[in-house]
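Report on one structure; see the data block that follows.
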Amino acid sequence: MLIGLRITVAGTRGLHVGVPALRAVLERHGATGTFYFNLGPARARWWLPGQALCARAAETMRAVRAAGHELGLLGWDPLRWVRHVDDDEPGWVEQALRRACAAFEQIAGEAPRTHAAPGWRTSRRALRLTQRCGFDYASDVLGVGAFMPVCAAELVLCPQLPTTLPPPADAPDERLLSPARAEPGHVCAVAADDDREVRALPALLEAWRSAGHRVTTLRALFEAIELRELPRCAVRTEPAVSGRGATATVQAERFLA
């Protein structure tokens, strides 16, 4: 079974400490992942100013790609994204995502092909943008399996690969150590800025390898699905599980099932 790693890099600690540590761990275990970078401001609080990470992230992103990992976008300015993605204060979400795409292309020499919503928080407008920006797929929500999102009865033609496993922890539960069989596999989210999650990953990689699972990029999961057979599912906002903020966007029931 495939287990895709959704690795988010939101701030300077993740960029300078978390990413090098994760790269080393993944190399030791022969694993890969998808690294989603915030290229906008990194803030301690949403109302405080923050310095954009794009200039400092360039070298790290190129090294990550050279090591065989996939690159993607973590929205733009994650703390502000989480606060304003629902109300979209005059067009901010589109402006932010366009800026993120431009910064990514300047660094990587190509347009981004995948996106992860900060804090698993998205909206009808943000979902529309995943299609309009030309992403192959996104990992914006929590859920149980790959699907095509329907928001307010509108189908968005950008498949979602939701996070399906609980967050890594010093004492991970059985759902993480021995995930239930799923096709083509699961998505596990790791925050490069969270020291606890970074520390927990080596033991997980060892357990997954012992069980015969392949730890890889989300693109490998995307390439293993048949798009025409994906269910169409609604999305909604619910209280988040422990460690994942106050609320999150989740995969809901099948649309017109």
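Residue numbering restarts at 1 in every chain; chains get A, B, ... in the order shown in the structure tokens, and ligands count up from 1 in that same order.
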Task: Secondary structure check, helix (DSSP H, G or I) residues of region 81-215 of chain A, as a ChimeraX atom specification - done: /A:81-84,89-108,118-120,124-132,174-177,195-210
Please, which residues in region 164-208 of chain A fall within 8 Å of region 219-243 of chain A when counting only C-alpha atoms, and what is the closest atom pair and distance in Å to one decimal for each, ordered by chain then residue number, as CSV?
```
residue,atom,partner,partner_atom,distance
A:Pro167,CA,A:Gly243,CA,7.7
A:Pro184,CA,A:Leu221,CA,6.2
A:Gly185,CA,A:Leu221,CA,6.9
```
- [ ] Name all residues at most 12 Å from Ala200 (chain A) (count only C-alpha atoms; drop same-chain ones fewer than 3 positions away) and give them as a PyMOL selection string.
- [x] chain A and resi 21-22+25+167-173+176-177+189-192+194-197+203-207
Open item on the list: Need to verify the contact set: region 114-123 of chain A, 7 Å, only C-alpha atoms, exclusion of same-chain residues closer than 2 positions in sequence. Can you return it as a count of residues only?
Closed with: 26
Open item on the list: For Val187 (chain A), find every residue with an atom within 7 Å (counting only C-alpha atoms), except residues of its own chain fewer than 6 positions away, and show them as an NGL selection string.
Closed with: :A and (3-6 or 162-165)
TODO: Name the residues of region 10-184 of chain A that come out as strand (DSSP E or B) in a backbone DSSP run; write them as a PyMOL selection string.
DONE: chain A and resi 34-37+41-42+51-52+70-73+114-115+137-138+142+147-151+154-155+160+163
Restricted to C-alpha atoms, what would the selected residues look like written as a PDB file, in the first residue's frame?
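Written out: result-v6.pdb:
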```
ATOM      1  CA  THR A  34       5.623  16.073  -1.284  1.00  0.00           C
ATOM      2  CA  PHE A  35       6.928  19.269   0.341  1.00  0.00           C
ATOM      3  CA  TYR A  36       4.432  22.136   0.344  1.00  0.00           C
ATOM      4  CA  PHE A  37       6.127  25.508   0.868  1.00  0.00           C
ATOM      5  CA  PRO A  41       4.980  35.956   4.991  1.00  0.00           C
ATOM      6  CA  ALA A  42       5.862  33.800   7.983  1.00  0.00           C
ATOM      7  CA  GLN A  51       8.948  38.469   6.071  1.00  0.00           C
ATOM      8  CA  ALA A  52       8.202  36.519   2.885  1.00  0.00           C
ATOM      9  CA  GLU A  70       7.852  16.699  -5.137  1.00  0.00           C
ATOM     10  CA  LEU A  71       7.313  20.428  -4.620  1.00  0.00           C
ATOM     11  CA  GLY A  72       3.985  22.137  -4.033  1.00  0.00           C
ATOM     12  CA  LEU A  73       2.423  25.293  -2.634  1.00  0.00           C
ATOM     13  CA  THR A 114      -0.191  20.732  -6.526  1.00  0.00           C
ATOM     14  CA  HIS A 115      -1.504  22.749  -3.583  1.00  0.00           C
ATOM     15  CA  TYR A 137      -4.515  17.772  -7.746  1.00  0.00           C
ATOM     16  CA  ALA A 138      -4.737  19.335  -4.287  1.00  0.00           C
ATOM     17  CA  LEU A 142      -9.276  15.985   5.811  1.00  0.00           C
ATOM     18  CA  PHE A 147     -12.474  12.435  -4.552  1.00  0.00           C
ATOM     19  CA  MET A 148     -13.680  15.236  -6.798  1.00  0.00           C
ATOM     20  CA  PRO A 149     -14.960  18.088  -4.613  1.00  0.00           C
ATOM     21  CA  VAL A 150     -18.417  19.593  -4.849  1.00  0.00           C
ATOM     22  CA  CYS A 151     -18.906  22.898  -3.041  1.00  0.00           C
ATOM     23  CA  GLU A 154     -20.608  23.194  -7.895  1.00  0.00           C
ATOM     24  CA  LEU A 155     -18.223  20.512  -9.164  1.00  0.00           C
ATOM     25  CA  GLN A 160      -8.521  16.144  -3.784  1.00  0.00           C
ATOM     26  CA  THR A 163      -5.215  13.732   4.693  1.00  0.00           C
TER      27      THR A 163
END
```
Task: Minimum-distance residue to Ala211 (chain A), chosen among A:Leu48, A:Ala180, A:Ala108, A:Cys158 (using only C-alpha atoms) - done: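 Ranked by minimum distance to Ala211 (chain A), first place goes to A:Ala180.
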